[in-house]
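**Q** Provided herewith is a single structure, encoded as structure tokens, for subsequent inquiry.
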Amino acid sequence: MALKYAYHPGNVAHSSAPEVADTMPPAARSLGIELIPLDGATSCGAGIIRQANDILQVTLNARTMALAESMSLDIITPCAATAGNLHEDLIRLRNDPLLLAKTNDVLRRTTGLTLEGTVSVHHLLHVMVDEIGLDKVEANVRNPMRSRIAGYYGPNMQQEGACGDDDVYDPNYFEQLIEALGGTPVEWESRTQSVGVPGLFSEEPTVLRQAAAVISDAKSEGADIIVSACTLSHAVLDVYQGKASRATGISTNLPVIHLTELLSFAFGHHNSRLAQLRTRMAVIGD
Amino acid sequence: MTIFSVYIDDGCITCDACEEAAPDVFEVSDDTCFIKPTVRIDGGFDRNMDQSGLKPEIISAMSDNILDAAEACPVDVIMVVEGEPSESVEPEEAPEPETLEAVPEGAAVEDIEVGEGIEQILTVGDRSLNILFGSQSGNSEDLSAKLAKQAKGYGLEGTVHDMDGFDFNSLSGKKRVLIVCSTWGEGEMPDNAEELWQFASSDAAARLDGVHFSICALGDTSYEFYCESGKDWDRRLEQLGATRLVDRVDCDVDYDSPAAAWALEALPTLAAVDGTGKFREDMVEPIKAHISGDGSRGAEGEDGFTLPTVLADSIQAEITIFRYDPVAACTGKDTWMCALPGHLSVLEALRTLKDSQDGSLTFRDGACDDPNTAISVNGRLVMPGLSRLDSVAPTRDGAVRIRIEPLPGFDVVRDLVIDPWSLERKRESSKPWMVAATREGASTPQGPIGTMDPAAASHLHSVTDYQSQALLHASSDAVPHANGYLGPAVLVSAWARRSDPRISPLRRSEIDELIGSSNGIKAETDLAPIRRQASNAQAISDSLLEAKNATLTRDAYNGRHGKHVWWYTWTIKSSGRVNDTVIYRQVLGPAGLLGNLFSGVTARMVFGFTRTGGNMFNGMLGMVAPPAGIGKMPQQFNSSVENHHEVVAIFNELDGRF
């Protein structure tokens with residue numbers, strides 16, 4: 001029986017990361033996940049709206065979660081930032097009855113919805129390991145990855161209670177998944193380090209150094225590619241890697257793809273894209 | 001009314017009223033009031049609970065003062081005993097042996113042997129301890145008073161006696177005696193001890209068989225006859241048949257420490273002299289353990305009071321430790337495979353490795369909660385003395401793999417030792433001290449003091465309640481990469497100061513300037529890592545968020561930091577989704593976009609389809625429209641989320657600025 005989730009695509013799948021929008025549905029099909037679009041869901045705020053108005057971000061996320069509750073579904077997302085921010089606000093609301101009452105008051109007047117707090121938020125990675133099982137994931141593999149892969153978690157979903165049964169500080173769900181997909185997981189320290197996405201536009205020199213340090217760590221451990229579980233961090237790791245290299249003098253040329261792309265390629269979808277990626281890994285380098 | 005005696009009952013509040021009324025009779029100590037030895041027939045220095053009579057000359061001269069003091073006592077604990085001195089002196093001078101007869105020796109011994117030991121030995125029979133002081137400057141007297149207080153903890157009733165006027169022969173009926181005596185001049189007795197010493201040295205001195213004693217001698221090593229008086233007493237008491245239970249201690253000018261160590265030995269040993277006067281050597285160690293609490297047992301049973309199990313089975317641990325040799329300027333890692341008890345702390349494991357494997361392994365050692373010991377274990381920033389080996393890292397395939405590294409964001413001195421000065425300099429530059437505004441104080445029994453709303457005080461405490469400055473500083477992933485950034489530890493402390501209602505307006509504005517500077521909160525690129533590492537994560541990250549919000553508001557959301565937050569939020573209101581294009585254009589402006597053109601960012605955006613196999617048309621949009629969104633290439637205009645009007649309504653309800 002298919003697992004059914006309300007699907008939140010994250011903050012950038014609709015715009016600068018269309019490859020996530022392309023690869024998530026076929027990957028989910030292979031995994032036996034039925035995605036019910038959360039068409040009314042807003043951005044999770046990425047911790048940025050909070051800097052202007054904390055209650056505003058909490059209320060917007062409460063609306064998104066109330067929508068899922070009204071569908072009697074839990075939320076799944078391929079973005080670590082969305083998983084982390086929604087989970088954080090959900091826990092705050094569950095633990096603070098006054099905040100929940102105040103938020104529900106606003107929601108009731110503006111949307112007619114209320115949040116009970118029964119919903120839960122899952123990242124795709126945790127659903128695969130905790131709910132589906134890696135043996136079933138492995139059974140779906142059509143194109144074993146056969147590369148040294150560095151899985152990037154980012155800091156947002158590596159919070160107590162937000163990462164399933166995985167260890168908060170020393171996770172290995174991604175490494176287990178990579179093995180199941182036929183790849184060789186790279187052990188690297190920087191996999192939960194922030195690449196400073198919220199400061200990309202305002203503190204670019206620092207962010208470039210952070211990104212260069214993360215990519216460089218993966219390279220030095222022998223990675224052929226980085227796979228990101230965070231669609232926001234991917235932007236920095238991929239688009240800004242050349243600039244990071246020039247700014248720091250550190251070699252950063254390394255392919256960076258999304259988790260959904262890795263799954264889709266391994267499950268036999270988008271074979272031409274996988275060929276393109278393999279060529280890039282083998283010939284171009286980045 | 002004729003006064004015979006005066007004593008202090010329980011409940012003294014040390015208000016000094018009695019001492020003011022009769023300073024020659026009463027002396028108020030830290031926790032009660034004593035009747036001075038100079039007015040008492042027995043020369044004792046305590047509350048006089050035995051109701052020892054007052055000297056006749058004192059009664060005639062100071063009766064009125066004593067009665068005034070009793071009347072002035074607000075808690076009525078000064079108890080005046082009426083009677084005729086001539087009648088009452090006799091029982092006071094009656095020899096102790098009468099008391100001994102009251103407790104038949106054989107019966108008491110049998111009781112104690114039959115009984116379960118410590119509790120009984122500490123409570124049954126004569127538990128008196130006589131402390132004699134010979135003092136010139138008052139040090140011996142003070143020390144004797146302290147010993148009398150300590151003696152209570154050992155089940156002894158300590159009575160302090162001034163040697164001046166003390167009846168030496170009365171010691172013959174005693175069981176436990178301590179002498180604290182200083183040396184004066186060239187090995188001479190202090191003035192108040194001279195007469196007693198002359199008597200004790202004479203043939204008239206009684207035998208002291210059955211007396212157990214120890215001597216604390218005070219002196220000065222710069223004199224030839226160091227502690228001579230104490231040595232004299234020690235020798236003489238032994239000659240008279242007394243039993244030395246603990247060797248004499250000779251104390252130099254700084255006598256506190258050796259005297260305290262001697263007391264820790266002498267008091268439990270004398271306490272092991274039971275109520276019949278028999279020394280129970282086998283009980284000395286149990287008494288020490290009993291008093292220190294080592295022998296106590298916690299509650300047991302499944303009633304919620306059971307102490308947690310401290311011991312754990314051995315675990316197979318692979319411990320990898322970062323090494324740095326500053327002389328050779330090289331780094332590396334050493335790995336040990338070992339079986340260690342799971343309950344061992346990481347700090348204890350490090351000590352074990354250093355002691356048994358590699359003496360050059362360097363780390364900061366200290367108490368388990370020493371903030372300077374903080375290190376990184378498997379990516380978790382911890383206090384190693386508070387982290388158990390079996391819980392600091394996940395067990396996988398039956399083994400624990402532990403990777404130990406120095407805290408990130410600091411220069412490394414050697415191996416796991418960091419140089420904290422970069423943080424200390426930043427703290428110093430933030431002027432972390434309080435500069436309070438002049439304000440009205442509240443009148444309290446302790447005098448006028450400033451008060452604070454309890455909720456505000458509680459909030460300020462919670463904000464600054466973290467284990468280690470260095471640990472909090474290292475929790476930011478931006479710190480190692482942002483030169484000059486003050487870091488979360490300095491900023492959260494500054495914000496707590498700034499939020500303190502007592503702070504002066506000038507200092508508040510200085511802190512605002514500090515926090516809003518380029519090295520302040522704006523330099524933090526991501527609060528998420530702090531939230532997952534800090535020990536008091538919620539309160540700290542909330543405070544940093546407040547600081548950021550206050551800074552951006554003060555800047556009216558101008559500048560790149562403000563514009564980024566403003567336009568991100570604005571695009572959510574306008575469609576429910578992030579519009580990369582708008583944010584890029586608004587925050588970076590033409591110069592920033594041009595910079596990206598030459599830095600290769602734009603090229604990677606435009607040719608994103610070559611990496612992802614995406615839509616070439618979307619990518620090439622970037623060629624015709626000015627480089628905008630993050631990548632490959634975004635829709636220039638977002639479609640709105642379903643029921644977008646609800647999003648707008650929430651914004652209108654909560655924040656009219658957008």
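Chain lettering (A, B, ...) mirrors the order of the structure tokens, residue numbering begins at 1 for each chain separately, and ligand numbering begins at 1 in order of display.
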Hey, what's within 8 Å of Val435 (chain B) if we count only C-alpha atoms and toss same-chain stuff fewer than 5 positions away? As a CSV table (one decimal) with C-alpha atoms, in the first residue's frame, please?
**A**
chain,number,residue,atom,x,y,z
B,503,ILE,CA,21.7,49.7,32.1
B,504,SER,CA,22.5,53.3,31.4
B,507,ARG,CA,25.8,52.2,27.4
**Q** Per residue of chain B within 7 Å of chain A, record the nearest atom pair and its distance in Å to one decimal, counting only C-alpha atoms, with rows in chain order and ascending residue number, as a tab-separated table.
**A**
residue	atom	partner	partner_atom	distance
B:Asn378	CA	A:Asp170	CA	5.8
B:Gly379	CA	A:Tyr169	CA	5.5
B:Arg380	CA	A:Tyr169	CA	5.6
B:Pro394	CA	A:Asp167	CA	6.7
B:Asp477	CA	A:Ser194	CA	6.1
B:Ala478	CA	A:Thr206	CA	6.9
B:His481	CA	A:Thr206	CA	5.6
B:Ala482	CA	A:Thr206	CA	5.4
B:Ala523	CA	A:Glu203	CA	6.5
B:Thr525	CA	A:Gly199	CA	4.3
B:Asp526	CA	A:Gly196	CA	5.3
B:Ala528	CA	A:Asn156	CA	5.8
B:Pro529	CA	A:Pro155	CA	5.7
B:Arg532	CA	A:Gln159	CA	5.6
B:Leu545	CA	A:Gln51	CA	6.2
B:Lys548	CA	A:Gln51	CA	6.5
B:Asn549	CA	A:Gln51	CA	5.3
B:Arg560	CA	A:Ser202	CA	5.1
B:His561	CA	A:Ser202	CA	5.1
B:His564	CA	A:Phe201	CA	6.9
B:Val565	CA	A:Ile48	CA	5.8
B:Thr569	CA	A:Ile49	CA	5.4
B:Ile572	CA	A:Ser43	CA	6.9
B:Gly576	CA	A:Thr42	CA	4.7
B:Arg577	CA	A:Ser43	CA	5.4
B:Val578	CA	A:Asn11	CA	6.4
B:Val587	CA	A:Phe201	CA	6.8
B:Leu588	CA	A:Phe201	CA	6.9
B:Ser599	CA	A:Lys243	CA	5.7
B:Gly600	CA	A:Lys243	CA	6.4
B:Val601	CA	A:Tyr240	CA	5.9
B:Arg604	CA	A:Val239	CA	5.6
B:Met605	CA	A:Val239	CA	6.4
B:Arg611	CA	A:Leu277	CA	6.8
B:Thr612	CA	A:Glu19	CA	6.6
B:Gly613	CA	A:Arg273	CA	5.3
B:Gly614	CA	A:Glu19	CA	6.4
B:Gly629	CA	A:Ser16	CA	6.7
B:Ile630	CA	A:Ser16	CA	5.8
B:Gly631	CA	A:Ser16	CA	4.8
B:Lys632	CA	A:Ser16	CA	5.9
B:Met633	CA	A:Ser16	CA	6.0
B:Pro634	CA	A:Ser15	CA	4.5
B:Gln635	CA	A:Ser15	CA	5.7
B:Val641	CA	A:Gly40	CA	4.9
B:Glu642	CA	A:Gly40	CA	4.2
B:Asn643	CA	A:Gly40	CA	6.1
B:Glu646	CA	A:Thr111	CA	5.5
B:Ala649	CA	A:Thr110	CA	5.6
B:Ile650	CA	A:Thr110	CA	6.1
B:Leu654	CA	A:Leu56	CA	6.3
**Q** Save the residues we just selected, C-alpha atoms, as a CSV table (one decimal), in the first residue's frame?
**A**
chain,number,residue,atom,x,y,z
B,378,ASN,CA,31.8,13.5,16.3
B,379,GLY,CA,30.7,17.0,15.4
B,380,ARG,CA,29.1,17.6,18.8
B,394,PRO,CA,26.1,6.3,18.2
B,477,ASP,CA,29.6,27.8,11.5
B,478,ALA,CA,30.4,31.4,10.4
B,481,HIS,CA,35.4,31.9,8.2
B,482,ALA,CA,34.4,35.5,9.2
B,523,ALA,CA,28.1,38.9,10.3
B,525,THR,CA,25.3,33.9,8.2
B,526,ASP,CA,23.1,31.2,9.7
B,528,ALA,CA,20.6,27.1,12.6
B,529,PRO,CA,24.0,25.6,13.7
B,532,ARG,CA,21.6,22.7,17.3
B,545,LEU,CA,17.2,36.7,16.6
B,548,LYS,CA,19.1,40.9,14.5
B,549,ASN,CA,15.5,42.1,14.3
B,560,ARG,CA,22.0,44.4,2.0
B,561,HIS,CA,21.1,42.7,5.2
B,564,HIS,CA,17.5,40.7,1.9
B,565,VAL,CA,15.1,40.1,4.8
B,569,THR,CA,9.4,38.5,3.1
B,572,ILE,CA,6.2,35.7,0.1
B,576,GLY,CA,3.4,32.9,-1.3
B,577,ARG,CA,6.6,31.8,-2.9
B,578,VAL,CA,10.1,33.0,-3.0
B,587,VAL,CA,19.6,43.2,-2.8
B,588,LEU,CA,22.6,43.0,-5.1
B,599,SER,CA,32.8,36.1,-11.4
B,600,GLY,CA,31.2,33.2,-13.3
B,601,VAL,CA,28.0,33.1,-11.2
B,604,ARG,CA,26.7,29.0,-14.1
B,605,MET,CA,23.1,30.2,-13.9
B,611,ARG,CA,24.5,20.4,-15.6
B,612,THR,CA,21.0,19.3,-14.9
B,613,GLY,CA,19.6,18.5,-18.2
B,614,GLY,CA,16.9,21.1,-17.6
B,629,GLY,CA,17.5,34.6,-10.0
B,630,ILE,CA,19.8,32.1,-8.5
B,631,GLY,CA,19.8,29.9,-11.3
B,632,LYS,CA,19.0,28.0,-14.4
B,633,MET,CA,16.9,30.2,-15.1
B,634,PRO,CA,14.0,31.1,-12.8
B,635,GLN,CA,10.6,32.2,-13.8
B,641,VAL,CA,-0.1,29.7,-4.2
B,642,GLU,CA,-3.6,28.4,-3.9
B,643,ASN,CA,-5.8,30.8,-1.8
B,646,GLU,CA,-5.2,34.0,2.9
B,649,ALA,CA,-4.7,38.4,5.1
B,650,ILE,CA,-2.1,36.9,7.5
B,654,LEU,CA,0.4,40.6,11.7
**Q** Residues of region 141-285 of chain A classed as helix (DSSP H, G or I) by DSSP on the backbone are to be reported as number ranges by chain.
**A** A: 173-180, 189-192, 197-199, 204-220, 231-239, 241-248, 259-266, 271-284
**Q** So, counting only C-alpha atoms, which residue among B:Trp421, B:Phe363, B:Phe598, B:Tyr223 is closest to Leu347 (chain B)?
**A**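 Closest to Leu347 (chain B), using only C-alpha atoms: B:Phe363.
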**Q** Excluding Met434 (chain B) and any residue of its chain fewer than 5 positions from it, enumerate the residues within 12 Å of it, using only C-alpha atoms, and give them as a PyMOL selection string.
**A** chain B and resi 493-508+511
**Q** Considering only strand (DSSP E) as DSSP defines it on the backbone, what residues of region 282-429 of chain B qualify? List them as number ranges by chain.
**A** B: 314-325, 330-341, 375-377, 380-382, 395-396, 399-405, 411-414, 417-419
**Q** Just write the chosen residues, C-alpha atoms, as a short mmCIF file (atom, residue, chain, number, x, y, z; two decimals), in the first residue's frame.
**A**
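Below is the file that was written, result21.cif:
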data_model
loop_
_atom_site.label_atom_id
_atom_site.label_comp_id
_atom_site.auth_asym_id
_atom_site.auth_seq_id
_atom_site.Cartn_x
_atom_site.Cartn_y
_atom_site.Cartn_z
CA SER B 314 32.71 -2.15 28.49
CA ILE B 315 32.29 -0.94 24.96
CA GLN B 316 34.51 -1.43 21.96
CA ALA B 317 35.64 2.05 21.04
CA GLU B 318 37.68 3.26 18.12
CA ILE B 319 38.98 6.59 19.28
CA THR B 320 40.51 8.90 16.69
CA ILE B 321 42.11 12.06 17.99
CA PHE B 322 43.30 15.08 16.06
CA ARG B 323 47.00 15.73 16.62
CA TYR B 324 48.97 18.88 15.97
CA ASP B 325 52.65 19.27 16.67
CA CYS B 330 52.27 19.10 11.17
CA THR B 331 48.79 17.72 11.76
CA GLY B 332 47.44 14.22 11.71
CA LYS B 333 45.24 11.76 13.53
CA ASP B 334 45.96 8.92 15.91
CA THR B 335 43.55 6.07 16.35
CA TRP B 336 43.29 3.63 19.24
CA MET B 337 41.11 0.54 19.40
CA CYS B 338 40.20 -0.09 22.99
CA ALA B 339 37.67 -1.59 25.33
CA LEU B 340 36.61 0.94 27.93
CA PRO B 341 33.79 1.08 30.46
CA ILE B 375 36.07 19.86 22.64
CA SER B 376 34.34 18.49 19.56
CA VAL B 377 33.32 14.83 19.57
CA ARG B 380 29.07 17.58 18.75
CA LEU B 381 30.56 20.33 20.91
CA VAL B 382 30.74 18.96 24.43
CA THR B 395 26.89 2.62 18.48
CA ARG B 396 27.12 1.09 15.02
CA ALA B 399 31.31 -0.49 18.20
CA VAL B 400 31.53 3.19 18.93
CA ARG B 401 33.68 5.28 16.66
CA ILE B 402 34.71 8.45 18.39
CA ARG B 403 36.41 11.29 16.60
CA ILE B 404 37.80 13.92 18.92
CA GLU B 405 38.88 17.30 17.63
CA ASP B 411 43.82 28.54 16.77
CA VAL B 412 45.17 25.23 18.04
CA VAL B 413 48.08 25.32 20.47
CA ARG B 414 48.70 21.58 20.46
CA VAL B 417 44.22 22.56 23.18
CA ILE B 418 42.88 25.75 21.66
CA ASP B 419 44.06 29.29 22.16
#
